[in-house]
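Novice: Quick one, final_33.pdb (PDB, C-alpha atoms, pLDDT in the B column):
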```pdb
ATOM      1  CA  MET A   8    -159.010  99.829 -30.547  1.00 93.00           C
ATOM      2  CA  LEU A   9    -159.130 100.965 -26.936  1.00 98.00           C
ATOM      3  CA  LEU A  10    -159.400 104.727 -26.433  1.00 98.00           C
ATOM      4  CA  GLU A  11    -158.303 105.984 -23.024  1.00 98.00           C
ATOM      5  CA  VAL A  12    -159.010 109.626 -22.186  1.00 98.00           C
ATOM      6  CA  ILE A  13    -157.684 111.751 -19.330  1.00 98.00           C
ATOM      7  CA  ALA A  14    -160.328 113.195 -17.007  1.00 98.00           C
ATOM      8  CA  THR A  15    -159.639 115.752 -14.294  1.00 98.00           C
ATOM      9  CA  THR A  16    -163.236 116.474 -13.246  1.00 98.00           C
ATOM     10  CA  VAL A  17    -166.551 114.648 -12.970  1.00 98.00           C
ATOM     11  CA  SER A  18    -167.801 116.562 -16.018  1.00 98.00           C
ATOM     12  CA  ASP A  19    -164.756 115.410 -18.006  1.00 98.00           C
ATOM     13  CA  ALA A  20    -165.517 111.821 -17.094  1.00 98.00           C
ATOM     14  CA  ILE A  21    -169.173 112.072 -18.101  1.00 98.00           C
ATOM     15  CA  ILE A  22    -168.326 113.690 -21.445  1.00 98.00           C
ATOM     16  CA  ALA A  23    -165.547 111.175 -22.075  1.00 98.00           C
ATOM     17  CA  GLU A  24    -167.934 108.267 -21.622  1.00 98.00           C
ATOM     18  CA  ARG A  25    -170.708 109.880 -23.664  1.00 98.00           C
ATOM     19  CA  TYR A  26    -168.540 110.688 -26.674  1.00 98.00           C
ATOM     20  CA  GLY A  27    -166.501 107.563 -27.135  1.00 97.00           C
ATOM     21  CA  ALA A  28    -163.885 106.855 -24.479  1.00 98.00           C
ATOM     22  CA  ASP A  29    -163.480 103.196 -23.566  1.00 98.00           C
ATOM     23  CA  ARG A  30    -161.589 103.983 -20.384  1.00 98.00           C
ATOM     24  CA  ILE A  31    -160.740 106.983 -18.233  1.00 98.00           C
ATOM     25  CA  GLU A  32    -157.438 107.894 -16.637  1.00 98.00           C
ATOM     26  CA  LEU A  33    -158.442 110.014 -13.646  1.00 98.00           C
ATOM     27  CA  ILE A  34    -155.868 112.539 -12.478  1.00 98.00           C
ATOM     28  CA  THR A  35    -155.347 115.979 -11.060  1.00 98.00           C
ATOM     29  CA  GLY A  36    -152.403 118.245 -11.895  1.00 97.00           C
ATOM     30  CA  ILE A  37    -152.601 117.656 -15.637  1.00 97.00           C
ATOM     31  CA  SER A  38    -149.945 120.312 -16.317  1.00 94.00           C
ATOM     32  CA  GLU A  39    -147.563 118.369 -14.069  1.00 95.00           C
ATOM     33  CA  GLY A  40    -148.115 115.112 -15.901  1.00 94.00           C
ATOM     34  CA  GLY A  41    -150.818 113.872 -13.530  1.00 97.00           C
ATOM     35  CA  LEU A  42    -151.085 113.517  -9.766  1.00 98.00           C
ATOM     36  CA  THR A  43    -153.347 111.542  -7.435  1.00 98.00           C
ATOM     37  CA  PRO A  44    -156.890 112.969  -7.416  1.00 98.00           C
ATOM     38  CA  SER A  45    -158.904 113.485  -4.243  1.00 98.00           C
ATOM     39  CA  LEU A  46    -160.942 110.634  -2.814  1.00 97.00           C
ATOM     40  CA  GLY A  47    -164.102 112.700  -3.252  1.00 98.00           C
ATOM     41  CA  LEU A  48    -163.425 113.096  -6.977  1.00 98.00           C
ATOM     42  CA  ILE A  49    -162.612 109.404  -7.310  1.00 98.00           C
ATOM     43  CA  GLU A  50    -165.866 108.388  -5.617  1.00 98.00           C
ATOM     44  CA  ALA A  51    -167.951 110.834  -7.650  1.00 98.00           C
ATOM     45  CA  VAL A  52    -166.510 109.694 -10.968  1.00 98.00           C
ATOM     46  CA  ARG A  53    -167.029 106.030 -10.102  1.00 98.00           C
ATOM     47  CA  GLU A  54    -170.663 106.810  -9.300  1.00 97.00           C
ATOM     48  CA  LYS A  55    -171.292 108.792 -12.491  1.00 98.00           C
ATOM     49  CA  VAL A  56    -169.743 106.634 -15.219  1.00 98.00           C
ATOM     50  CA  SER A  57    -169.895 102.959 -16.066  1.00 98.00           C
ATOM     51  CA  ILE A  58    -166.753 102.595 -18.195  1.00 98.00           C
ATOM     52  CA  PRO A  59    -163.485 101.500 -16.557  1.00 98.00           C
ATOM     53  CA  VAL A  60    -161.597 104.128 -14.538  1.00 98.00           C
ATOM     54  CA  ARG A  61    -157.877 104.002 -13.755  1.00 98.00           C
ATOM     55  CA  VAL A  62    -156.706 106.310 -10.993  1.00 98.00           C
ATOM     56  CA  MET A  63    -153.288 107.953 -10.943  1.00 98.00           C
ATOM     57  CA  ILE A  64    -151.078 107.125  -7.949  1.00 98.00           C
ATOM     58  CA  ARG A  65    -148.410 109.826  -7.926  1.00 98.00           C
ATOM     59  CA  PRO A  66    -147.857 111.911  -4.782  1.00 97.00           C
ATOM     60  CA  ASN A  67    -145.668 114.600  -6.341  1.00 97.00           C
ATOM     61  CA  ALA A  68    -144.186 115.706  -9.645  1.00 96.00           C
ATOM     62  CA  ARG A  69    -140.550 115.855  -8.522  1.00 95.00           C
ATOM     63  CA  SER A  70    -139.510 112.575 -10.090  1.00 96.00           C
ATOM     64  CA  PHE A  71    -140.439 108.898 -10.279  1.00 98.00           C
ATOM     65  CA  VAL A  72    -137.902 108.052  -7.568  1.00 98.00           C
ATOM     66  CA  TYR A  73    -139.708 107.884  -4.230  1.00 98.00           C
ATOM     67  CA  ASP A  74    -138.584 107.886  -0.612  1.00 97.00           C
ATOM     68  CA  ALA A  75    -140.149 106.026   2.317  1.00 98.00           C
ATOM     69  CA  THR A  76    -142.663 108.784   3.089  1.00 98.00           C
ATOM     70  CA  ASP A  77    -143.750 108.944  -0.551  1.00 98.00           C
ATOM     71  CA  MET A  78    -144.270 105.195  -0.527  1.00 98.00           C
ATOM     72  CA  GLU A  79    -146.342 105.370   2.631  1.00 98.00           C
ATOM     73  CA  THR A  80    -148.518 108.034   1.021  1.00 98.00           C
ATOM     74  CA  MET A  81    -148.983 105.983  -2.146  1.00 98.00           C
ATOM     75  CA  GLN A  82    -149.902 102.855  -0.203  1.00 98.00           C
ATOM     76  CA  ARG A  83    -152.417 104.812   1.880  1.00 98.00           C
ATOM     77  CA  ASP A  84    -153.977 106.233  -1.293  1.00 98.00           C
ATOM     78  CA  ILE A  85    -154.206 102.783  -2.841  1.00 98.00           C
ATOM     79  CA  ARG A  86    -155.878 101.344   0.250  1.00 97.00           C
ATOM     80  CA  HIS A  87    -158.458 104.148   0.233  1.00 97.00           C
ATOM     81  CA  ILE A  88    -159.124 103.634  -3.480  1.00 97.00           C
ATOM     82  CA  ARG A  89    -159.633  99.910  -2.923  1.00 96.00           C
ATOM     83  CA  THR A  90    -162.515 100.716  -0.585  1.00 95.00           C
ATOM     84  CA  VAL A  91    -164.313 102.587  -3.382  1.00 96.00           C
ATOM     85  CA  GLY A  92    -164.322  99.438  -5.514  1.00 94.00           C
ATOM     86  CA  GLY A  93    -164.496  98.925  -9.274  1.00 96.00           C
ATOM     87  CA  LEU A  94    -161.309 100.847 -10.049  1.00 98.00           C
ATOM     88  CA  SER A  95    -157.828 100.247 -11.458  1.00 98.00           C
ATOM     89  CA  LEU A  96    -154.564 102.116 -10.966  1.00 98.00           C
ATOM     90  CA  VAL A  97    -151.861 104.003 -12.842  1.00 98.00           C
ATOM     91  CA  LEU A  98    -148.423 104.061 -11.233  1.00 98.00           C
ATOM     92  CA  GLY A  99    -144.696 103.727 -11.770  1.00 98.00           C
ATOM     93  CA  VAL A 100    -141.553 103.674  -9.612  1.00 98.00           C
ATOM     94  CA  LEU A 101    -137.904 103.928 -10.620  1.00 98.00           C
ATOM     95  CA  ARG A 102    -134.496 103.644  -8.991  1.00 98.00           C
ATOM     96  CA  PRO A 103    -132.018 106.518  -9.295  1.00 98.00           C
ATOM     97  CA  ASP A 104    -130.104 104.468 -11.891  1.00 97.00           C
ATOM     98  CA  GLY A 105    -133.096 104.481 -14.261  1.00 97.00           C
ATOM     99  CA  THR A 106    -134.283 100.924 -13.682  1.00 98.00           C
ATOM    100  CA  VAL A 107    -137.680  99.766 -12.438  1.00 98.00           C
ATOM    101  CA  ALA A 108    -137.732  99.756  -8.615  1.00 98.00           C
ATOM    102  CA  GLU A 109    -139.056  96.213  -8.309  1.00 97.00           C
ATOM    103  CA  ASP A 110    -139.017  96.161  -4.514  1.00 97.00           C
ATOM    104  CA  LEU A 111    -141.186  99.289  -4.331  1.00 98.00           C
ATOM    105  CA  LEU A 112    -143.359  98.166  -7.231  1.00 98.00           C
ATOM    106  CA  GLY A 113    -144.044  94.920  -5.393  1.00 97.00           C
ATOM    107  CA  GLN A 114    -145.161  96.826  -2.304  1.00 98.00           C
ATOM    108  CA  LEU A 115    -147.590  98.934  -4.319  1.00 98.00           C
ATOM    109  CA  LEU A 116    -149.001  95.933  -6.170  1.00 98.00           C
ATOM    110  CA  GLU A 117    -149.498  94.134  -2.879  1.00 97.00           C
ATOM    111  CA  ALA A 118    -151.412  97.139  -1.534  1.00 98.00           C
ATOM    112  CA  ALA A 119    -153.490  97.123  -4.719  1.00 97.00           C
ATOM    113  CA  GLY A 120    -154.750  93.595  -4.123  1.00 95.00           C
ATOM    114  CA  GLY A 121    -156.341  92.386  -7.357  1.00 91.00           C
ATOM    115  CA  MET A 122    -156.613  95.781  -9.045  1.00 97.00           C
ATOM    116  CA  GLU A 123    -155.208  95.997 -12.570  1.00 98.00           C
ATOM    117  CA  VAL A 124    -152.418  98.487 -13.173  1.00 98.00           C
ATOM    118  CA  THR A 125    -151.019 100.673 -15.935  1.00 98.00           C
ATOM    119  CA  PHE A 126    -147.298 101.413 -15.584  1.00 98.00           C
ATOM    120  CA  HIS A 127    -147.215 105.078 -16.560  1.00 97.00           C
ATOM    121  CA  ARG A 128    -144.702 107.242 -18.423  1.00 95.00           C
ATOM    122  CA  ALA A 129    -142.017 106.661 -15.844  1.00 97.00           C
ATOM    123  CA  PHE A 130    -141.356 103.998 -18.478  1.00 98.00           C
ATOM    124  CA  ASP A 131    -140.099 106.768 -20.773  1.00 98.00           C
ATOM    125  CA  GLU A 132    -137.379 107.649 -18.260  1.00 97.00           C
ATOM    126  CA  VAL A 133    -135.866 104.192 -17.833  1.00 98.00           C
ATOM    127  CA  LYS A 134    -132.370 103.678 -19.238  1.00 97.00           C
ATOM    128  CA  ASP A 135    -133.400 100.582 -21.237  1.00 98.00           C
ATOM    129  CA  GLN A 136    -137.044 100.168 -22.225  1.00 98.00           C
ATOM    130  CA  PHE A 137    -136.606  96.626 -23.484  1.00 98.00           C
ATOM    131  CA  GLU A 138    -135.077  95.544 -20.186  1.00 98.00           C
ATOM    132  CA  ALA A 139    -137.862  97.356 -18.321  1.00 98.00           C
ATOM    133  CA  LEU A 140    -140.493  95.610 -20.440  1.00 98.00           C
ATOM    134  CA  ASN A 141    -139.052  92.229 -19.475  1.00 97.00           C
ATOM    135  CA  VAL A 142    -139.219  93.237 -15.816  1.00 98.00           C
ATOM    136  CA  LEU A 143    -142.841  94.368 -16.039  1.00 98.00           C
ATOM    137  CA  LEU A 144    -143.854  91.158 -17.816  1.00 97.00           C
ATOM    138  CA  ARG A 145    -143.249  89.368 -14.505  1.00 96.00           C
ATOM    139  CA  TYR A 146    -146.277  91.062 -12.945  1.00 97.00           C
ATOM    140  CA  PRO A 147    -149.683  89.844 -14.204  1.00 96.00           C
ATOM    141  CA  GLN A 148    -151.426  92.799 -12.519  1.00 97.00           C
ATOM    142  CA  ILE A 149    -149.718  95.162 -14.943  1.00 98.00           C
ATOM    143  CA  THR A 150    -151.891  95.087 -18.053  1.00 98.00           C
ATOM    144  CA  ASP A 151    -150.708  98.262 -19.812  1.00 98.00           C
ATOM    145  CA  ILE A 152    -147.556 100.319 -20.307  1.00 98.00           C
ATOM    146  CA  LEU A 153    -148.159 103.960 -21.208  1.00 98.00           C
ATOM    147  CA  THR A 154    -145.340 105.237 -23.391  1.00 98.00           C
ATOM    148  CA  SER A 155    -144.303 107.730 -26.026  1.00 98.00           C
ATOM    149  CA  GLY A 156    -141.384 105.534 -27.021  1.00 97.00           C
ATOM    150  CA  ALA A 157    -138.896 107.479 -24.866  1.00 97.00           C
ATOM    151  CA  ARG A 158    -139.449 110.580 -26.974  1.00 97.00           C
ATOM    152  CA  PRO A 159    -141.394 113.775 -26.167  1.00 96.00           C
ATOM    153  CA  THR A 160    -144.348 112.596 -28.281  1.00 97.00           C
ATOM    154  CA  ALA A 161    -145.587 109.229 -29.463  1.00 98.00           C
ATOM    155  CA  PRO A 162    -145.330 110.134 -33.166  1.00 98.00           C
ATOM    156  CA  GLU A 163    -141.650 110.950 -32.611  1.00 98.00           C
ATOM    157  CA  GLY A 164    -141.183 107.648 -30.792  1.00 98.00           C
ATOM    158  CA  LYS A 165    -143.156 105.483 -33.188  1.00 98.00           C
ATOM    159  CA  GLU A 166    -140.252 103.222 -34.185  1.00 98.00           C
ATOM    160  CA  ARG A 167    -139.602 102.336 -30.550  1.00 98.00           C
ATOM    161  CA  ILE A 168    -143.323 101.929 -29.888  1.00 98.00           C
ATOM    162  CA  ALA A 169    -143.579  99.543 -32.840  1.00 98.00           C
ATOM    163  CA  ALA A 170    -140.706  97.468 -31.450  1.00 98.00           C
ATOM    164  CA  LEU A 171    -142.256  97.373 -27.967  1.00 98.00           C
ATOM    165  CA  GLU A 172    -145.634  96.442 -29.428  1.00 98.00           C
ATOM    166  CA  GLN A 173    -144.103  93.554 -31.338  1.00 97.00           C
ATOM    167  CA  LEU A 174    -142.253  92.261 -28.269  1.00 96.00           C
ATOM    168  CA  SER A 175    -145.305  92.507 -26.021  1.00 96.00           C
ATOM    169  CA  SER A 176    -147.807  91.081 -28.503  1.00 92.00           C
ATOM    170  CA  GLU A 177    -147.326  87.494 -27.323  1.00 89.00           C
ATOM    171  CA  HIS A 178    -147.755  88.437 -23.666  1.00 94.00           C
ATOM    172  CA  PRO A 179    -150.729  89.573 -21.543  1.00 94.00           C
ATOM    173  CA  ILE A 180    -149.535  93.184 -21.463  1.00 97.00           C
ATOM    174  CA  SER A 181    -150.451  95.971 -23.868  1.00 98.00           C
ATOM    175  CA  ILE A 182    -148.579  99.014 -25.101  1.00 98.00           C
ATOM    176  CA  LEU A 183    -150.712 102.123 -24.567  1.00 98.00           C
ATOM    177  CA  ALA A 184    -149.387 104.859 -26.846  1.00 98.00           C
ATOM    178  CA  GLY A 185    -149.769 108.384 -25.575  1.00 97.00           C
ATOM    179  CA  SER A 186    -148.496 111.985 -25.757  1.00 97.00           C
ATOM    180  CA  GLY A 187    -148.854 114.190 -28.795  1.00 95.00           C
ATOM    181  CA  LEU A 188    -151.426 112.088 -30.618  1.00 97.00           C
ATOM    182  CA  SER A 189    -154.181 113.794 -32.612  1.00 94.00           C
ATOM    183  CA  VAL A 190    -156.680 112.892 -35.316  1.00 95.00           C
ATOM    184  CA  ALA A 191    -154.255 114.162 -37.938  1.00 93.00           C
ATOM    185  CA  GLY A 192    -151.814 111.365 -38.567  1.00 93.00           C
ATOM    186  CA  LEU A 193    -153.448 108.918 -36.165  1.00 97.00           C
ATOM    187  CA  SER A 194    -154.333 106.377 -38.841  1.00 97.00           C
ATOM    188  CA  GLU A 195    -150.752 106.349 -40.141  1.00 97.00           C
ATOM    189  CA  PHE A 196    -149.371 106.135 -36.582  1.00 97.00           C
ATOM    190  CA  ILE A 197    -151.500 103.090 -35.800  1.00 97.00           C
ATOM    191  CA  SER A 198    -150.573 101.465 -39.101  1.00 97.00           C
ATOM    192  CA  ASP A 199    -146.866 102.083 -38.489  1.00 97.00           C
ATOM    193  CA  THR A 200    -146.823 100.878 -34.879  1.00 98.00           C
ATOM    194  CA  GLY A 201    -149.517  98.198 -34.735  1.00 97.00           C
ATOM    195  CA  VAL A 202    -150.756  99.474 -31.368  1.00 98.00           C
ATOM    196  CA  ARG A 203    -154.316  98.663 -30.333  1.00 97.00           C
ATOM    197  CA  ARG A 204    -154.551 101.097 -27.413  1.00 98.00           C
ATOM    198  CA  VAL A 205    -154.189 104.882 -27.507  1.00 98.00           C
ATOM    199  CA  HIS A 206    -154.255 107.538 -24.797  1.00 98.00           C
ATOM    200  CA  PHE A 207    -155.507 111.093 -25.334  1.00 98.00           C
ATOM    201  CA  GLY A 208    -155.260 114.230 -23.199  1.00 97.00           C
ATOM    202  CA  SER A 209    -154.919 117.764 -24.561  1.00 97.00           C
ATOM    203  CA  ALA A 210    -155.832 116.851 -28.142  1.00 97.00           C
ATOM    204  CA  VAL A 211    -159.450 116.126 -27.171  1.00 98.00           C
ATOM    205  CA  ARG A 212    -159.835 119.311 -25.106  1.00 98.00           C
ATOM    206  CA  GLU A 213    -161.092 122.715 -26.176  1.00 97.00           C
ATOM    207  CA  ASP A 214    -158.435 124.488 -28.266  1.00 97.00           C
ATOM    208  CA  GLY A 215    -156.086 121.599 -27.516  1.00 96.00           C
ATOM    209  CA  ASN A 216    -155.499 123.196 -24.114  1.00 97.00           C
ATOM    210  CA  ALA A 217    -154.808 120.803 -21.231  1.00 96.00           C
ATOM    211  CA  LEU A 218    -156.518 123.131 -18.763  1.00 96.00           C
ATOM    212  CA  LYS A 219    -159.787 123.372 -20.702  1.00 97.00           C
ATOM    213  CA  PRO A 220    -162.716 120.900 -20.678  1.00 98.00           C
ATOM    214  CA  ILE A 221    -163.002 117.944 -23.017  1.00 98.00           C
ATOM    215  CA  ASP A 222    -164.398 118.985 -26.398  1.00 98.00           C
ATOM    216  CA  PRO A 223    -167.099 116.493 -27.468  1.00 98.00           C
ATOM    217  CA  ALA A 224    -166.467 117.154 -31.173  1.00 98.00           C
ATOM    218  CA  ARG A 225    -162.725 116.509 -30.889  1.00 98.00           C
ATOM    219  CA  LEU A 226    -163.264 113.335 -28.891  1.00 98.00           C
ATOM    220  CA  GLN A 227    -165.957 112.064 -31.219  1.00 98.00           C
ATOM    221  CA  ALA A 228    -163.656 112.636 -34.201  1.00 98.00           C
ATOM    222  CA  VAL A 229    -161.027 110.375 -32.609  1.00 98.00           C
ATOM    223  CA  ARG A 230    -163.648 107.735 -31.829  1.00 98.00           C
ATOM    224  CA  THR A 231    -165.013 107.804 -35.362  1.00 97.00           C
ATOM    225  CA  LEU A 232    -161.549 107.379 -36.841  1.00 97.00           C
ATOM    226  CA  LEU A 233    -160.717 104.472 -34.536  1.00 97.00           C
ATOM    227  CA  ASN A 234    -164.024 102.797 -35.389  1.00 96.00           C
ATOM    228  CA  SER A 235    -163.206 103.084 -39.088  1.00 94.00           C
ATOM    229  CA  LEU A 236    -159.898 101.307 -38.499  1.00 91.00           C
ATOM    230  CA  ASN A 237    -161.677  98.402 -36.792  1.00 77.00           C
ATOM    231  CA  ARG A 238    -163.693  97.564 -39.880  1.00 69.00           C
TER     232      ARG A 238
END
```
Take the structure in this file and express it as structure tokens.

Specialist:
Amino acid sequence: MLLEVIATTVSDAIIAERYGADRIELITGISEGGLTPSLGLIEAVREKVSIPVRVMIRPNARSFVYDATDMETMQRDIRHIRTVGGLSLVLGVLRPDGTVAEDLLGQLLEAAGGMEVTFHRAFDEVKDQFEALNVLLRYPQITDILTSGARPTAPEGKERIAALEQLSSEHPISILAGSGLSVAGLSEFISDTGVRRVHFGSAVREDGNALKPIDPARLQAVRTLLNSLNR
């Protein structure tokens, strides 16, 4: 079981690594669903932790439909992040009609060079997730799809997540379930969906508050449960 944890500060990243995260999603603007962090934060986190770090590429929280200036900003950010080295990316681009913007996606992947990519929860706003999955399978750089099954939380979307997991299981892409997960019910959720990768944000923070630091005890509880399921 892979446990990905959101970090918004260097301290978050250090605690996440120490108490059981397998991978970090590094963002700013957590209340807005995640925005691109500063280059200084990216560099500092890469220096301080040894586990994989995936950096959010999202210039604004208006939508997942981007204009030419947004694209230029995203490509510039990606090029800067490439110079840091040892990082991966989190991104997603849609057309106004709710389909994956393949032309724009291709531009971002080209800028990313060989960096691996998670297609983020823009996936939950596509008009047809099964069609979108088939599109994303064409891109070997995309290793993960973060989704709540097109519902507000992953537990609510577990039937869709299970279907996506089954369809993707024979391909080199993984469903990363996220949003609304907690220790309570996690074992049943994993059993029902078959997912092998989970993504945690607020539930592993103090008081379950997105704007508070990561709580080591909450994170360790998730790690312990996931370890028990691996036996």

Novice: Per residue of segment 161-205 of chain A within 10 Å of segment 220-232 of chain A, what are the shortest atom pair and its distance in Å to one decimal, counting all atoms listed in the file, with rows by chain and residue number, as JSON lines?

Specialist:
```
{"residue": "A:Leu188", "atom": "CA", "partner": "A:Val229", "partner_atom": "CA", "distance": 10.0}
{"residue": "A:Ser189", "atom": "CA", "partner": "A:Val229", "partner_atom": "CA", "distance": 7.7}
{"residue": "A:Val190", "atom": "CA", "partner": "A:Val229", "partner_atom": "CA", "distance": 5.7}
{"residue": "A:Ala191", "atom": "CA", "partner": "A:Val229", "partner_atom": "CA", "distance": 9.4}
{"residue": "A:Leu193", "atom": "CA", "partner": "A:Leu232", "partner_atom": "CA", "distance": 8.3}
{"residue": "A:Ser194", "atom": "CA", "partner": "A:Leu232", "partner_atom": "CA", "distance": 7.6}
```

Novice: So, with all atoms listed in the file as the atoms that count, which of A:Leu98, A:Asp199, A:Ala51, A:Gly187 lies closest to Ala129 of chain A?

Specialist: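 Closest to Ala129 of chain A, using all atoms listed in the file: A:Leu98.
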
Novice: Hey, can you check how far atom CA of Val60 of chain A sits from atom CA of Ala217 of chain A?

Specialist: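 A separation of 19.2 Å between them.
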
Novice: Could you list, as number ranges by chain, every residue within 6 Å of segment 25-35 of chain A, counting all atoms listed in the file and ignoring same-chain residues fewer than 3 positions away?

Specialist: A: 9-15, 22, 41-44, 58-63, 227, 230

Novice: In Å, rounded to a single decimal, give me how far atom CA of Ser95 of chain A is from atom CA of Gln82 of chain A.

Specialist: 14.0 Å

Novice: Please enumerate the residues selected by the PyMOL selection byres ((chain A and resi 17) around 8) when evaluated against the supplied file, formatted as a list in words.

Specialist: Ala14, Thr15, Thr16, Ser18, Asp19, Ala20, Ile21, Leu48, Ala51, Val52 and Lys55 of chain A

Novice: I need the output of the PyMOL selection byres ((chain A and resi 157-162) around 9) for this file as a list in words; which residues are they?

Specialist: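 For this structure, the PyMOL selection byres ((chain A and resi 157-162) around 9) resolves to Arg128, Phe130, Asp131, Glu132, Val133, Gln136, Thr154, Ser155, Gly156, Glu163, Gly164, Lys165, Glu166, Arg167, Ile168, Ala184, Gly185, Ser186, Gly187, Leu188, Gly192, Leu193 and Phe196 of chain A.
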
Novice: Point out the residue among A:Gly208, A:Pro179, A:Gly120, A:Gly99 with the least atom-to-atom distance to Leu144 of chain A, counting all atoms listed in the file.

Specialist: A:Pro179

Novice: For Ser38 of chain A, which residue among A:Leu218, A:Ala170, A:Met8, A:Met81 is the nearest when counting only C-alpha atoms?

Specialist: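 Among the listed residues, the smallest separation from Ser38 of chain A belongs to A:Leu218.
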
Novice: Residues at most 10 Å from Tyr73 of chain A, counting all atoms listed in the file, excluding those fewer than 5 positions away in the same chain, as JSON, numbers by chain?

Specialist: {"A": [65, 66, 67, 78, 79, 81, 99, 100, 101, 102, 103, 108, 111]}

Novice: Counting all atoms listed in the file, write as a CSV table (one decimal) with C-alpha atoms, keeping the file's coordinate frame all protein and nucleic acid residues lying at most 10 Å from (-152.1, 97.4, -15.2) in the file's frame.

Specialist:
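What follows is the written file selection.csv:
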```
chain,number,residue,atom,x,y,z
A,61,ARG,CA,-157.9,104.0,-13.8
A,95,SER,CA,-157.8,100.2,-11.5
A,96,LEU,CA,-154.6,102.1,-11.0
A,97,VAL,CA,-151.9,104.0,-12.8
A,98,LEU,CA,-148.4,104.1,-11.2
A,116,LEU,CA,-149.0,95.9,-6.2
A,122,MET,CA,-156.6,95.8,-9.0
A,123,GLU,CA,-155.2,96.0,-12.6
A,124,VAL,CA,-152.4,98.5,-13.2
A,125,THR,CA,-151.0,100.7,-15.9
A,126,PHE,CA,-147.3,101.4,-15.6
A,127,HIS,CA,-147.2,105.1,-16.6
A,143,LEU,CA,-142.8,94.4,-16.0
A,146,TYR,CA,-146.3,91.1,-12.9
A,147,PRO,CA,-149.7,89.8,-14.2
A,148,GLN,CA,-151.4,92.8,-12.5
A,149,ILE,CA,-149.7,95.2,-14.9
A,150,THR,CA,-151.9,95.1,-18.1
A,151,ASP,CA,-150.7,98.3,-19.8
A,152,ILE,CA,-147.6,100.3,-20.3
A,153,LEU,CA,-148.2,104.0,-21.2
A,180,ILE,CA,-149.5,93.2,-21.5
A,181,SER,CA,-150.5,96.0,-23.9
```

Novice: Counting all atoms listed in the file, which residues come within 6 Å of (-141.7, 94.7, -24.8), with the point read in the file's coordinates, and could you list them as a PDB file with C-alpha atoms, in the coordinates of the input?

Specialist:
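Final output, selection_39.pdb:
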```pdb
ATOM      1  CA  PHE A 137    -136.606  96.626 -23.484  1.00 98.00           C
ATOM      2  CA  LEU A 140    -140.493  95.610 -20.440  1.00 98.00           C
ATOM      3  CA  LEU A 171    -142.256  97.373 -27.967  1.00 98.00           C
ATOM      4  CA  LEU A 174    -142.253  92.261 -28.269  1.00 96.00           C
ATOM      5  CA  SER A 175    -145.305  92.507 -26.021  1.00 96.00           C
TER       6      SER A 175
END
```

Novice: As an exercise, work out the distance from atom CA of Val91 of chain A to atom CA of Glu54 of chain A in Å and give it to one decimal place.

Specialist: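 Answer for the atom CA of Val91 of chain A to atom CA of Glu54 of chain A separation: 9.7 Å.
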
Novice: With only C-alpha atoms as the atoms that count, which of A:Val107, A:Leu115, A:Ile197, A:Ile88 lies nearest to Val142 of chain A?

Specialist: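 Among the listed residues, A:Val107 lies closest to Val142 of chain A.
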
Novice: Fewer than 3 positions away in the same chain doesn't count, so skip those; otherwise give me all residues within 9 Å of Lys134 of chain A, counting only C-alpha atoms, as a PDB file with C-alpha atoms, in the frame of the given file.

Specialist:
```
ATOM      1  CA  ASP A 104    -130.104 104.468 -11.891  1.00 97.00           C
ATOM      2  CA  GLY A 105    -133.096 104.481 -14.261  1.00 97.00           C
ATOM      3  CA  THR A 106    -134.283 100.924 -13.682  1.00 98.00           C
ATOM      4  CA  ASP A 131    -140.099 106.768 -20.773  1.00 98.00           C
ATOM      5  CA  GLU A 138    -135.077  95.544 -20.186  1.00 98.00           C
ATOM      6  CA  ALA A 139    -137.862  97.356 -18.321  1.00 98.00           C
TER       7      ALA A 139
END
```

Novice: Draw an axis-aligned box tight on the listed atoms of segment 128-138 of chain A, then pad every side by 3 Å and write out centre and edge lengths in Å to one decimal as JSON.

Specialist:
```
{"center_x": -138.5, "center_y": 101.6, "center_z": -19.7, "size_x": 18.3, "size_y": 18.1, "size_z": 13.6}
```
